Structures are given as C-alpha cells and as structure tokens.
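Raw contents of protein23.json, JSON, C-alpha atoms:
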```
[["chain", "number", "residue", "atom", "x", "y", "z"],
["A", 1, "MET", "CA", 178.63, 27.62, 0.13],
["A", 2, "ASN", "CA", 180.56, 30.52, -1.49],
["A", 3, "GLU", "CA", 177.84, 31.87, -3.81],
["A", 4, "LYS", "CA", 174.37, 32.86, -2.78],
["A", 5, "ARG", "CA", 171.92, 30.03, -3.35],
["A", 6, "ARG", "CA", 168.61, 31.08, -4.82],
["A", 7, "ILE", "CA", 165.44, 29.73, -3.21],
["A", 8, "LEU", "CA", 161.87, 29.86, -4.51],
["A", 9, "ILE", "CA", 159.17, 29.69, -1.81],
["A", 10, "VAL", "CA", 155.97, 27.92, -2.90],
["A", 11, "GLU", "CA", 153.26, 28.36, -0.25],
["A", 12, "ASP", "CA", 149.64, 29.48, -0.58],
["A", 13, "HIS", "CA", 149.45, 31.22, 2.82],
["A", 14, "THR", "CA", 150.73, 34.77, 2.45],
["A", 15, "LEU", "CA", 151.69, 35.26, 6.10],
["A", 16, "LEU", "CA", 153.74, 32.07, 6.10],
["A", 17, "ARG", "CA", 155.51, 33.09, 2.88],
["A", 18, "VAL", "CA", 156.40, 36.44, 4.44],
["A", 19, "GLY", "CA", 157.67, 34.74, 7.58],
["A", 20, "LEU", "CA", 159.77, 32.25, 5.62],
["A", 21, "ARG", "CA", 161.30, 35.03, 3.54],
["A", 22, "ALA", "CA", 162.19, 36.96, 6.68],
["A", 23, "LEU", "CA", 163.85, 33.90, 8.21],
["A", 24, "LEU", "CA", 165.75, 32.86, 5.11],
["A", 25, "THR", "CA", 167.09, 36.32, 4.30],
["A", 26, "GLN", "CA", 168.87, 36.32, 7.65],
["A", 27, "ASP", "CA", 171.30, 33.86, 6.07],
["A", 28, "PRO", "CA", 173.93, 35.75, 4.01],
["A", 29, "ASP", "CA", 174.41, 32.69, 1.76],
["A", 30, "ILE", "CA", 170.76, 32.58, 0.70],
["A", 31, "GLU", "CA", 168.73, 34.72, -1.66],
["A", 32, "VAL", "CA", 164.94, 34.34, -1.87],
["A", 33, "CYS", "CA", 164.55, 34.85, -5.61],
["A", 34, "GLY", "CA", 160.77, 34.54, -5.70],
["A", 35, "GLU", "CA", 157.49, 33.39, -4.19],
["A", 36, "SER", "CA", 154.53, 31.48, -5.60],
["A", 37, "GLY", "CA", 151.12, 30.75, -4.14],
["A", 38, "ASN", "CA", 150.47, 27.60, -6.15],
["A", 39, "GLY", "CA", 152.21, 24.90, -8.12],
["A", 40, "ARG", "CA", 151.29, 26.22, -11.55],
["A", 41, "ASP", "CA", 152.89, 29.62, -10.92],
["A", 42, "ALA", "CA", 155.94, 27.93, -9.42],
["A", 43, "ILE", "CA", 156.54, 25.87, -12.55],
["A", 44, "ARG", "CA", 156.23, 28.97, -14.72],
["A", 45, "SER", "CA", 158.62, 30.94, -12.49],
["A", 46, "ILE", "CA", 161.44, 28.41, -12.49],
["A", 47, "SER", "CA", 162.42, 28.92, -16.14],
["A", 48, "THR", "CA", 163.12, 32.62, -15.48],
["A", 49, "LEU", "CA", 164.23, 32.61, -11.84],
["A", 50, "MET", "CA", 166.32, 29.43, -12.08],
["A", 51, "PRO", "CA", 166.40, 28.73, -8.32],
["A", 52, "HIS", "CA", 168.81, 26.24, -6.84],
["A", 53, "LEU", "CA", 166.11, 25.02, -4.46],
["A", 54, "VAL", "CA", 162.32, 25.10, -4.24],
["A", 55, "LEU", "CA", 160.75, 25.13, -0.77],
["A", 56, "MET", "CA", 157.47, 23.37, -1.53],
["A", 57, "ASP", "CA", 154.17, 23.18, 0.34],
["A", 58, "LEU", "CA", 151.89, 20.24, -0.52],
["A", 59, "THR", "CA", 148.36, 21.55, 0.04],
["A", 60, "MET", "CA", 147.63, 24.27, -2.51],
["A", 61, "PRO", "CA", 144.84, 25.18, -4.92],
["A", 62, "GLY", "CA", 145.09, 24.22, -8.58],
["A", 63, "ILE", "CA", 148.25, 22.17, -9.14],
["A", 64, "ASP", "CA", 149.19, 20.87, -5.71],
["A", 65, "GLY", "CA", 152.64, 20.13, -4.35],
["A", 66, "ILE", "CA", 152.89, 16.51, -5.48],
["A", 67, "GLU", "CA", 151.92, 17.38, -9.04],
["A", 68, "ALA", "CA", 154.26, 20.36, -9.05],
["A", 69, "ILE", "CA", 157.20, 18.29, -7.82],
["A", 70, "THR", "CA", 156.64, 15.74, -10.58],
["A", 71, "GLU", "CA", 156.49, 18.40, -13.29],
["A", 72, "ILE", "CA", 159.45, 20.40, -11.95],
["A", 73, "LYS", "CA", 161.66, 17.33, -11.80],
["A", 74, "ARG", "CA", 160.60, 16.37, -15.32],
["A", 75, "ARG", "CA", 161.41, 19.80, -16.76],
["A", 76, "PHE", "CA", 164.18, 20.98, -14.41],
["A", 77, "PRO", "CA", 165.88, 17.88, -12.95],
["A", 78, "GLN", "CA", 168.76, 19.95, -11.59],
["A", 79, "VAL", "CA", 166.49, 21.95, -9.25],
["A", 80, "ARG", "CA", 166.45, 20.62, -5.71],
["A", 81, "ILE", "CA", 163.09, 20.40, -3.90],
["A", 82, "LEU", "CA", 162.52, 20.48, -0.14],
["A", 83, "VAL", "CA", 158.95, 19.79, 1.00],
["A", 84, "LEU", "CA", 157.77, 21.92, 3.93],
["A", 85, "THR", "CA", 154.41, 20.68, 5.14],
["A", 86, "LEU", "CA", 152.07, 19.88, 8.03],
["A", 87, "HIS", "CA", 151.49, 16.35, 6.71],
["A", 88, "ARG", "CA", 153.40, 13.68, 8.62],
["A", 89, "THR", "CA", 151.58, 10.55, 7.41],
["A", 90, "GLU", "CA", 153.52, 7.91, 5.49],
["A", 91, "GLU", "CA", 151.38, 8.30, 2.37],
["A", 92, "TYR", "CA", 152.34, 11.95, 1.86],
["A", 93, "ILE", "CA", 156.00, 11.18, 2.50],
["A", 94, "HIS", "CA", 155.92, 8.24, 0.10],
["A", 95, "GLU", "CA", 154.25, 10.22, -2.70],
["A", 96, "SER", "CA", 156.54, 13.24, -2.24],
["A", 97, "LEU", "CA", 159.71, 11.19, -2.45],
["A", 98, "LYS", "CA", 158.32, 9.12, -5.31],
["A", 99, "ALA", "CA", 157.54, 12.34, -7.19],
["A", 100, "GLY", "CA", 161.17, 13.40, -6.80],
["A", 101, "ALA", "CA", 161.41, 15.51, -3.63],
["A", 102, "ASP", "CA", 164.93, 15.72, -2.21],
["A", 103, "GLY", "CA", 163.83, 16.39, 1.36],
["A", 104, "TYR", "CA", 160.81, 16.47, 3.65],
["A", 105, "ILE", "CA", 160.52, 18.70, 6.71],
["A", 106, "LEU", "CA", 157.56, 19.51, 8.93],
["A", 107, "LYS", "CA", 156.25, 23.03, 9.50],
["A", 108, "ASP", "CA", 156.69, 22.75, 13.25],
["A", 109, "ALA", "CA", 160.45, 22.44, 12.77],
["A", 110, "THR", "CA", 162.77, 25.01, 14.31],
["A", 111, "HIS", "CA", 164.59, 27.62, 12.26],
["A", 112, "ASP", "CA", 167.85, 25.80, 12.91],
["A", 113, "GLU", "CA", 166.43, 22.54, 11.59],
["A", 114, "LEU", "CA", 165.13, 24.31, 8.48],
["A", 115, "ARG", "CA", 168.60, 25.74, 7.83],
["A", 116, "VAL", "CA", 170.16, 22.28, 8.23],
["A", 117, "ALA", "CA", 167.57, 20.79, 5.87],
["A", 118, "ILE", "CA", 168.13, 23.46, 3.23],
["A", 119, "ARG", "CA", 171.91, 23.13, 3.35],
["A", 120, "SER", "CA", 171.73, 19.33, 3.24],
["A", 121, "VAL", "CA", 169.48, 19.32, 0.19],
["A", 122, "LEU", "CA", 171.54, 21.99, -1.56],
["A", 123, "ASN", "CA", 174.63, 19.84, -0.97],
["A", 124, "GLY", "CA", 173.04, 16.91, -2.77],
["A", 125, "LYS", "CA", 171.81, 14.99, 0.25],
["A", 126, "THR", "CA", 168.31, 13.77, 1.12],
["A", 127, "TYR", "CA", 166.88, 15.28, 4.29],
["A", 128, "LEU", "CA", 164.00, 13.80, 6.29],
["A", 129, "SER", "CA", 162.64, 15.44, 9.43],
["A", 130, "PRO", "CA", 163.58, 13.54, 12.61],
["A", 131, "ASP", "CA", 159.88, 13.54, 13.53],
["A", 132, "ILE", "CA", 159.19, 11.10, 10.70],
["A", 133, "SER", "CA", 159.04, 7.68, 12.28],
["A", 134, "SER", "CA", 161.48, 4.88, 11.47],
["A", 135, "LYS", "CA", 158.47, 2.73, 10.65],
["A", 136, "VAL", "CA", 157.56, 5.03, 7.79],
["A", 137, "LEU", "CA", 161.10, 4.92, 6.44],
["A", 138, "THR", "CA", 161.19, 1.13, 6.73],
["A", 139, "VAL", "CA", 157.99, 0.73, 4.77],
["A", 140, "PHE", "CA", 159.03, 3.26, 2.14],
["A", 141, "LEU", "CA", 162.36, 1.52, 1.58],
["A", 142, "GLY", "CA", 160.60, -1.82, 1.16],
["A", 143, "GLY", "CA", 161.62, -3.34, 4.45],
["A", 144, "GLY", "CA", 158.12, -3.59, 5.90],
["A", 145, "LYS", "CA", 156.15, -6.80, 6.08],
["A", 146, "ASN", "CA", 153.98, -5.76, 3.14],
["A", 147, "GLY", "CA", 156.88, -4.27, 1.18],
["A", 148, "GLY", "CA", 154.68, -1.30, 0.23],
["A", 149, "PHE", "CA", 151.32, 0.38, 0.65],
["A", 150, "THR", "CA", 148.53, -2.14, 0.07],
["A", 151, "SER", "CA", 145.72, -0.76, 2.25],
["A", 152, "PRO", "CA", 142.64, 0.91, 0.70],
["A", 153, "TRP", "CA", 144.07, 4.26, 1.80],
["A", 154, "ALA", "CA", 147.04, 3.63, -0.48],
["A", 155, "THR", "CA", 144.72, 3.59, -3.51],
["A", 156, "VAL", "CA", 143.46, 7.11, -2.76],
["A", 157, "THR", "CA", 145.07, 9.66, -5.06],
["A", 158, "HIS", "CA", 146.66, 12.85, -3.79],
["A", 159, "ARG", "CA", 143.87, 14.95, -5.25],
["A", 160, "GLU", "CA", 141.28, 12.73, -3.53],
["A", 161, "ARG", "CA", 143.12, 13.34, -0.25],
["A", 162, "GLU", "CA", 142.92, 17.07, -0.84],
["A", 163, "VAL", "CA", 139.17, 16.75, -1.35],
["A", 164, "LEU", "CA", 138.86, 14.52, 1.73],
["A", 165, "LYS", "CA", 140.59, 17.12, 3.90],
["A", 166, "LEU", "CA", 138.34, 19.91, 2.66],
["A", 167, "VAL", "CA", 135.21, 17.79, 3.09],
["A", 168, "ALA", "CA", 136.29, 16.97, 6.64],
["A", 169, "GLU", "CA", 136.73, 20.70, 7.32],
["A", 170, "GLY", "CA", 133.06, 21.14, 6.45],
["A", 171, "HIS", "CA", 133.38, 22.86, 3.08],
["A", 172, "SER", "CA", 130.75, 22.54, 0.36],
["A", 173, "ASN", "CA", 131.38, 20.98, -3.04],
["A", 174, "LYS", "CA", 131.20, 24.46, -4.60],
["A", 175, "PHE", "CA", 133.84, 25.84, -2.22],
["A", 176, "ILE", "CA", 136.11, 22.84, -2.83],
["A", 177, "ALA", "CA", 135.70, 23.19, -6.59],
["A", 178, "ASP", "CA", 136.60, 26.89, -6.48],
["A", 179, "TYR", "CA", 139.53, 26.36, -4.10],
["A", 180, "LEU", "CA", 141.07, 23.52, -6.13],
["A", 181, "CYS", "CA", 140.16, 25.04, -9.51],
["A", 182, "LEU", "CA", 137.99, 22.05, -10.41],
["A", 183, "SER", "CA", 134.42, 21.64, -11.59],
["A", 184, "VAL", "CA", 131.72, 20.70, -9.08],
["A", 185, "LYS", "CA", 131.15, 17.47, -11.01],
["A", 186, "THR", "CA", 134.82, 16.56, -10.61],
["A", 187, "VAL", "CA", 134.63, 17.17, -6.86],
["A", 188, "GLU", "CA", 131.52, 15.01, -6.65],
["A", 189, "LYS", "CA", 133.36, 12.27, -8.55],
["A", 190, "HIS", "CA", 136.29, 12.48, -6.11],
["A", 191, "ARG", "CA", 133.88, 12.20, -3.15],
["A", 192, "SER", "CA", 132.22, 9.19, -4.74],
["A", 193, "ASN", "CA", 135.58, 7.54, -5.34],
["A", 194, "LEU", "CA", 136.61, 8.19, -1.73],
["A", 195, "MET", "CA", 133.48, 6.57, -0.33],
["A", 196, "ARG", "CA", 133.86, 3.58, -2.63],
["A", 197, "LYS", "CA", 137.57, 3.02, -1.95],
["A", 198, "LEU", "CA", 137.30, 3.54, 1.82],
["A", 199, "ASP", "CA", 133.88, 1.85, 2.21],
["A", 200, "LEU", "CA", 132.42, 4.98, 3.78],
["A", 201, "HIS", "CA", 128.89, 6.20, 3.21],
["A", 202, "ASN", "CA", 128.56, 9.84, 4.35],
["A", 203, "ALA", "CA", 130.43, 13.04, 5.15],
["A", 204, "SER", "CA", 130.71, 12.22, 8.85],
["A", 205, "GLY", "CA", 132.46, 8.98, 7.99],
["A", 206, "LEU", "CA", 134.90, 10.84, 5.75],
["A", 207, "THR", "CA", 135.55, 13.35, 8.54],
["A", 208, "ALA", "CA", 136.26, 10.64, 11.10],
["A", 209, "PHE", "CA", 138.62, 8.93, 8.66],
["A", 210, "ALA", "CA", 140.44, 12.20, 7.92],
["A", 211, "ILE", "CA", 140.97, 12.79, 11.65],
["A", 212, "GLU", "CA", 142.29, 9.25, 12.06],
["A", 213, "LYS", "CA", 144.78, 9.83, 9.26],
["A", 214, "GLY", "CA", 145.96, 13.12, 10.76],
["A", 215, "LEU", "CA", 144.75, 15.27, 7.86],
["A", 216, "LEU", "CA", 143.18, 17.92, 10.09],
["A", 217, "HIS", "CA", 145.39, 20.29, 12.03],
["A", 218, "THR", "CA", 144.66, 23.14, 14.42],
["A", 219, "HIS", "CA", 145.73, 26.58, 13.17],
["A", 220, "PHE", "CA", 145.90, 29.86, 15.04],
["A", 221, "ASP", "CA", 144.48, 32.89, 13.22],
["A", 222, "PRO", "CA", 146.28, 35.99, 14.52],
["A", 223, "ALA", "CA", 143.58, 38.23, 13.03],
["A", 224, "ASP", "CA", 140.81, 37.15, 15.37],
["A", 225, "GLY", "CA", 142.56, 34.92, 17.90],
["A", 226, "THR", "CA", 140.59, 31.82, 16.95],
["A", 227, "ARG", "CA", 141.76, 28.29, 16.36],
["A", 228, "THR", "CA", 140.35, 26.18, 13.56],
["A", 229, "ALA", "CA", 140.94, 22.72, 12.17]]
```

Entire entry expressed as structure tokens:
Amino acid sequence: MNEKRRILIVEDHTLLRVGLRALLTQDPDIEVCGESGNGRDAIRSISTLMPHLVLMDLTMPGIDGIEAITEIKRRFPQVRILVLTLHRTEEYIHESLKAGADGYILKDATHDELRVAIRSVLNGKTYLSPDISSKVLTVFLGGGKNGGFTSPWATVTHREREVLKLVAEGHSNKFIADYLCLSVKTVEKHRSNLMRKLDLHNASGLTAFAIEKGLLHTHFDPADGTRTA
C-alpha cells in the first residue's frame, strides 16, 4: 500500500480504543482517522472522515455492531469493515457476514494477526480468524446437514442476544434499558421473547443458556485488579 489507509475504530471501551490506536499508528501505512464509541456515531462520522476501513466491535450501546454494519454498507458500500470482537459463536459470525462485514477477527488475536487481517480486508479479501472452526464455516456456506441455522437460538435477534448477555451478567431491566438506549418496556419485551423462543422460565435459566453459548467472558479490570464476567 503506497498511500496511508484511513481506519475508523468503533469500540465502546475507551481503554481498548486507546490501545488499538497505539498499535495501529505504529504502522506507517495506516492513519487512525477517528474513533467512535457506538454505531450511531460511527455512521455519522463516515461521511466526513471517509475511512477506507472500519474496525467494528459488536457489543455496544444504542446501535450495535450488526445494525451499524448493515447501515454502513447500505450508505457507504465502498467502505471495508473488519469485525473485532470477543464473540466466537457461529450465530454472531453468520449475522456479521450476512450484514456485510468483510472480515471477522477475535480480540485475543495477536498484533501480527490483526495487521494481516487489516491488510487482507483493505486489499479486497475476506478475512476470518483461524480460531473460527471449520464447522462454523461449513454451516455458514450451506454445506452443513441442515444447510443453515434452524435451532431456536437461530430465531433470537441480535438485540435479544445483547439483552440476554446483560441479563446473564446480573443487570436490572433499568440498567439494560439505559445501556442500550431502550425503554424498560422494550427490554421486558425482549426478555419475554427470549424465554418464549428458548423455552426458559427465569433469569437463572437465561444465565445458564448464555454461558452455554459462550456469551459471558472474563475481563480483567486494571483499575482494581478484579476479574468479572
């Protein structure tokens, strides 16, 4: 690449955004042209910043990553999008690629892998983290026995999964509503839909299901040295 390629970082955790910027600016071919903490701000920024690539988180308040990818690709089809996320389940991968993502890499990737992913996507290729199983790829490409996602989990929307994760983390409906910029009634509706679709009847059942699906992850908080789900 002869010209500097502009990258917009979309991530709601400030420390991670700062770390990503520090890593990316080490590359003389890359310019971090902006940062956004949510999907709505990212969409607004693109028309003025005109990045070549958006490095996109999935779990964010307001407009989440999946919704943002869909809208960005609708309005700015030339912009490349590389998902950078903790989520490694097939449903998140399927929805991201279906929405128009050009690559999918996990947050536990090395700096070298991130550089390879960015360059691949900027060069018009699709990049998928090696940690994504071949089974997931087979199902996504239609080669699985079911030819697609037919389980009850597949009927759960991305927003419902966001609510499920927050419920499993022990947050109240009010907290979830504030975090996702929704009304409490909307959160209650999402919880009701989750229980109906998954045939679960209480918060503990939702938590157990979220753990089974790998929605909860352990994070280290450098401020107090604690680890939380």

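Across A:Val10, A:Val156, A:Ala203, A:Leu216, the tightest approach to Ser172 in chain A is made by A:Ala203 when counting all atoms listed in the file.
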
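Counting all atoms listed in the file, range 46-56 of chain A has the following residues at most 9 Å away, ignoring those fewer than 4 positions along the same chain: Arg5, Arg6, Ile7, Leu8, Ile9, Val10, Glu11, Val32, Cys33, Gly34, Gly39, Asp41, Ala42, Gly65, Ala68, Ile69, Ile72, Phe76, Gln78, Val79, Arg80, Ile81, Leu82, Val83, Leu84, Thr85, Ile118, Val121 and Leu122 of chain A.
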
Gap from CA of Gly205 in chain A to CA of Glu90 in chain A - Å, one decimal: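 Separating CA of Gly205 in chain A from CA of Glu90 in chain A is a distance of 21.2 Å.
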
From CA of Glu3 in chain A to CA of Glu31 in chain A the spacing works out at 9.8 Å

Could you work out how far CA of Arg75 in chain A lies from CA of Leu20 in chain A, giving the answer in Å with one decimal?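 Computing the Euclidean distance for CA of Leu20 in chain A and CA of Arg75 in chain A yields 25.7 Å.
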
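Protein and nucleic acid residues near (148.5, 28.1, -2.8) are Glu11, Asp12, His13, Gly37, Asn38, Met60 and Pro61 of chain A, the criterion being any atom at most 7 Å away using all atoms listed in the file.
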
Nearest candidate to Lys197 in chain A (options A:Ala154, A:Gly170, A:Lys213, A:Glu162; using only C-alpha atoms): A:Ala154

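The shortest atom-to-atom distance to Tyr92 in chain A, with only C-alpha atoms taken into account, belongs to A:Asp57 out of A:Asp112, A:Asp178, A:Asp57, A:Asp29.
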
Using only C-alpha atoms, which residue out of A:His190, A:Arg21, A:Lys73, A:His158 lies closest to Ile93 in chain A?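 The closest residue to Ile93 in chain A is A:His158.
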
Enumerate, as a PDB file with C-alpha atoms, in the frame of the given file, the protein, DNA and RNA residues whose atoms approach (164.3, 34.6, 11.6) to within 12 Å, taking into account all atoms listed in the file and the coordinate frame of the file.
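Okay, part_28.pdb is ready:
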```pdb
ATOM      1  CA  VAL A  18     156.400  36.440   4.440  1.00  0.00           C
ATOM      2  CA  GLY A  19     157.670  34.740   7.580  1.00  0.00           C
ATOM      3  CA  LEU A  20     159.770  32.250   5.620  1.00  0.00           C
ATOM      4  CA  ARG A  21     161.300  35.030   3.540  1.00  0.00           C
ATOM      5  CA  ALA A  22     162.190  36.960   6.680  1.00  0.00           C
ATOM      6  CA  LEU A  23     163.850  33.900   8.210  1.00  0.00           C
ATOM      7  CA  LEU A  24     165.750  32.860   5.110  1.00  0.00           C
ATOM      8  CA  THR A  25     167.090  36.320   4.300  1.00  0.00           C
ATOM      9  CA  GLN A  26     168.870  36.320   7.650  1.00  0.00           C
ATOM     10  CA  ASP A  27     171.300  33.860   6.070  1.00  0.00           C
ATOM     11  CA  THR A 110     162.770  25.010  14.310  1.00  0.00           C
ATOM     12  CA  HIS A 111     164.590  27.620  12.260  1.00  0.00           C
ATOM     13  CA  ASP A 112     167.850  25.800  12.910  1.00  0.00           C
ATOM     14  CA  LEU A 114     165.130  24.310   8.480  1.00  0.00           C
ATOM     15  CA  ARG A 115     168.600  25.740   7.830  1.00  0.00           C
TER      16      ARG A 115
END
```

Looking at all atoms listed in the file, which of A:Tyr127, A:Lys189, A:Lys107, A:Glu91 is the one that sits closest to Leu16 in chain A?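 Nearest to Leu16 in chain A: A:Lys107.
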
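Counting all atoms listed in the file, the residue from A:Thr89, A:Val184, A:Glu35, A:His171 that sits nearest to Thr14 in chain A is A:Glu35.
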
Nearby residues (all atoms listed in the file) at most 9 Å from Leu194 in chain A, same-chain spacing under 2 positions excluded, as a tab-separated table (two decimals) with C-alpha atoms, keeping the file's coordinate frame:
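Produced file out.tsv, reproduced below:
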```tsv
chain	number	residue	atom	x	y	z
A	156	VAL	CA	143.46	7.11	-2.76
A	160	GLU	CA	141.28	12.73	-3.53
A	161	ARG	CA	143.12	13.34	-0.25
A	163	VAL	CA	139.17	16.75	-1.35
A	164	LEU	CA	138.86	14.52	1.73
A	189	LYS	CA	133.36	12.27	-8.55
A	190	HIS	CA	136.29	12.48	-6.11
A	191	ARG	CA	133.88	12.20	-3.15
A	192	SER	CA	132.22	9.19	-4.74
A	196	ARG	CA	133.86	3.58	-2.63
A	197	LYS	CA	137.57	3.02	-1.95
A	198	LEU	CA	137.30	3.54	1.82
A	199	ASP	CA	133.88	1.85	2.21
A	200	LEU	CA	132.42	4.98	3.78
A	206	LEU	CA	134.90	10.84	5.75
```

Neighbouring residues of Ala177 in chain A were defined as those with any atom within 8 Å, considering all atoms listed in the file; residues of the same chain fewer than 5 positions away were excluded. Please report them as a PDB file with C-alpha atoms, keeping the file's coordinate frame.
```pdb
ATOM      1  CA  LEU A 182     137.990  22.050 -10.410  1.00  0.00           C
ATOM      2  CA  SER A 183     134.420  21.640 -11.590  1.00  0.00           C
ATOM      3  CA  VAL A 184     131.720  20.700  -9.080  1.00  0.00           C
ATOM      4  CA  THR A 186     134.820  16.560 -10.610  1.00  0.00           C
ATOM      5  CA  VAL A 187     134.630  17.170  -6.860  1.00  0.00           C
TER       6      VAL A 187
END
```
